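Enquirer: After the structure tokens below, expect a handful of questions from me.
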Amino acid sequence: MAVSPVTKRGVTKSKSAPKPAKGRPRGFDRDAALKAAMQVFWLRGYEATSISDLTKAMGVNAPSLYAAFGCKEALFEEALDLYQATEGVLPWRLLDEGRTARESFAALLRFYATYYVEAGHPPGCMAVLSAIVGAPENKTVRALMTKSRQAAMQGFAQRIRRGQAEGDVPARADAAAMAAFYATLVQGMSIQARDGATKKQLLATVEAAIAAWDGMAGKT
């Protein structure tokens, strides 16, 4: 579940990770290496990903990795930024461009039901799966991911409140509660996708959640 472009600025970066060293090794495609690192973190999660896993996927040696990115944690933060800036663009566009809030959420949820299980990338969502639990020394990474997910939920609430302002969502609707419900659904689908759920199964869940919209919004 990618963070909203509107709320992403509220996500605080870890202060513990050192800044990458200036310069980069000759012949080193930093952008391509970062994309490869993103795929590894997305598939394996932060703690299960070793420096060896990263250097193999990125096509660099360890000194080059440290020179370009500083450390594993700093690399992960850049990979998360890349994920939000690339994989996260379309779903938030769908949420923003719908004629009503209900139509926007329907488009968003149907997108995720398809995207989470399509070929070409790891199943599920990097922001949901890559650092849910872990060792105490990695608490700054988990805090970063928590803020990312919270920012996404705030973006959901913001879209519902916009619907209230535009008149397609009743004023009495609890925007925060509705946002929490749909954020929980999106995160749950990410886990189900990693567990092997099919597109058909996820879409069935989505249609049930869309059908629940009017009741949660307080429409009669």
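Chain labels run A, B, ... following the order of the structure tokens; each chain numbers its residues from 1, and ligands are numbered from 1 in the order shown.
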Using only C-alpha atoms, what table do you get, as a tab-separated table, when you list each residue of region 131-183 of chain A with an atom no more than 12 Å from region 81-88 of chain A, its nearest pair of atoms, and their distance in Å rounded to one decimal, rows by chain then rising number?
Expert:
residue	atom	partner	partner_atom	distance
A:Leu144	CA	A:Asp81	CA	11.1
A:Met145	CA	A:Asp81	CA	11.1
A:Ser148	CA	A:Gln84	CA	9.5
A:Arg149	CA	A:Gln84	CA	11.4
A:Ala151	CA	A:Gln84	CA	11.8
A:Ala152	CA	A:Gly88	CA	10.4
Enquirer: Can I get the selected residues back with C-alpha atoms, as a PDB file, in the first residue's frame?
Expert:
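Final file, result.pdb:
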ATOM      1  CA  LEU A 144       9.509   4.298   9.104  1.00  0.00           C
ATOM      2  CA  MET A 145       7.204   1.638   7.696  1.00  0.00           C
ATOM      3  CA  SER A 148       4.294   5.062   5.757  1.00  0.00           C
ATOM      4  CA  ARG A 149       1.204   2.935   6.375  1.00  0.00           C
ATOM      5  CA  ALA A 151       0.227   8.226   5.998  1.00  0.00           C
ATOM      6  CA  ALA A 152      -1.579   6.053   3.464  1.00  0.00           C
TER       7      ALA A 152
END
Enquirer: For each of A:Gln154, A:Gln187, A:Thr55, A:Thr205, take the minimum atom-to-atom distance to Ile132 (chain A), counting only C-alpha atoms, then give the residue where this is smallest.
Expert: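 Nearest candidate to Ile132 (chain A) out of A:Gln154, A:Gln187, A:Thr55, A:Thr205: A:Gln187.
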Enquirer: Report, in Å with one decimal, the straight-line distance from CA of Tyr46 (chain A) to CA of Thr184 (chain A).
Expert: 21.6 Å
Enquirer: Would you pick out the contacts of Ile191 (chain A) at 9 Å or less, using only C-alpha atoms, so that residues sharing its chain but fewer than 4 positions from it are not included, and give the list as a PDB file with C-alpha atoms, in the first residue's frame?
Expert:
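Result file follows (selection27.pdb):
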ATOM      1  CA  PRO A 123       3.409 -10.497  -4.582  1.00  0.00           C
ATOM      2  CA  GLY A 124       1.817  -8.048  -2.180  1.00  0.00           C
ATOM      3  CA  CYS A 125       3.039  -4.630  -1.097  1.00  0.00           C
ATOM      4  CA  VAL A 128       3.112  -3.670   4.151  1.00  0.00           C
ATOM      5  CA  LEU A 129       5.330  -6.743   4.145  1.00  0.00           C
ATOM      6  CA  VAL A 186      -5.661  -3.374   1.476  1.00  0.00           C
ATOM      7  CA  GLN A 187      -3.024  -4.552   3.946  1.00  0.00           C
ATOM      8  CA  ASP A 195       0.103 -16.490   0.909  1.00  0.00           C
ATOM      9  CA  GLY A 196      -1.005 -17.477  -2.598  1.00  0.00           C
ATOM     10  CA  ALA A 197      -4.456 -15.934  -2.984  1.00  0.00           C
TER      11      ALA A 197
END
Enquirer: Restricting the calculation to only C-alpha atoms, which member of A:Ser52, A:Ser130, A:Asn61, A:Gln158 is positioned closest to Leu80 (chain A)?
Expert: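 Among the listed residues, A:Ser130 lies closest to Leu80 (chain A).
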Enquirer: Which residues of region 42-113 of chain A come within 6 Å of region 26-38 of chain A, and for each one, what is the closest pair of atoms and their distance in Å to one decimal, counting only C-alpha atoms, sorted by chain and residue number, as a tab-separated table?
Expert:
residue	atom	partner	partner_atom	distance
A:Trp42	CA	A:Met38	CA	6.0
A:Leu54	CA	A:Ala37	CA	5.9
A:Ala57	CA	A:Ala36	CA	5.9
A:Met58	CA	A:Ala33	CA	4.5
A:Ala79	CA	A:Met38	CA	4.8
Enquirer: Generate the output file for the selected residues, C-alpha atoms, as a compact mmCIF listing (two decimals), in the first residue's frame.
Expert:
# COMPACT_ATOMS: atom_id res chain seq x y z
CA TRP A 42 10.15 -6.34 -1.50
CA LEU A 54 21.92 -7.13 -2.22
CA ALA A 57 21.17 -8.56 -7.18
CA MET A 58 22.69 -5.11 -7.67
CA ALA A 79 14.35 1.72 -2.01
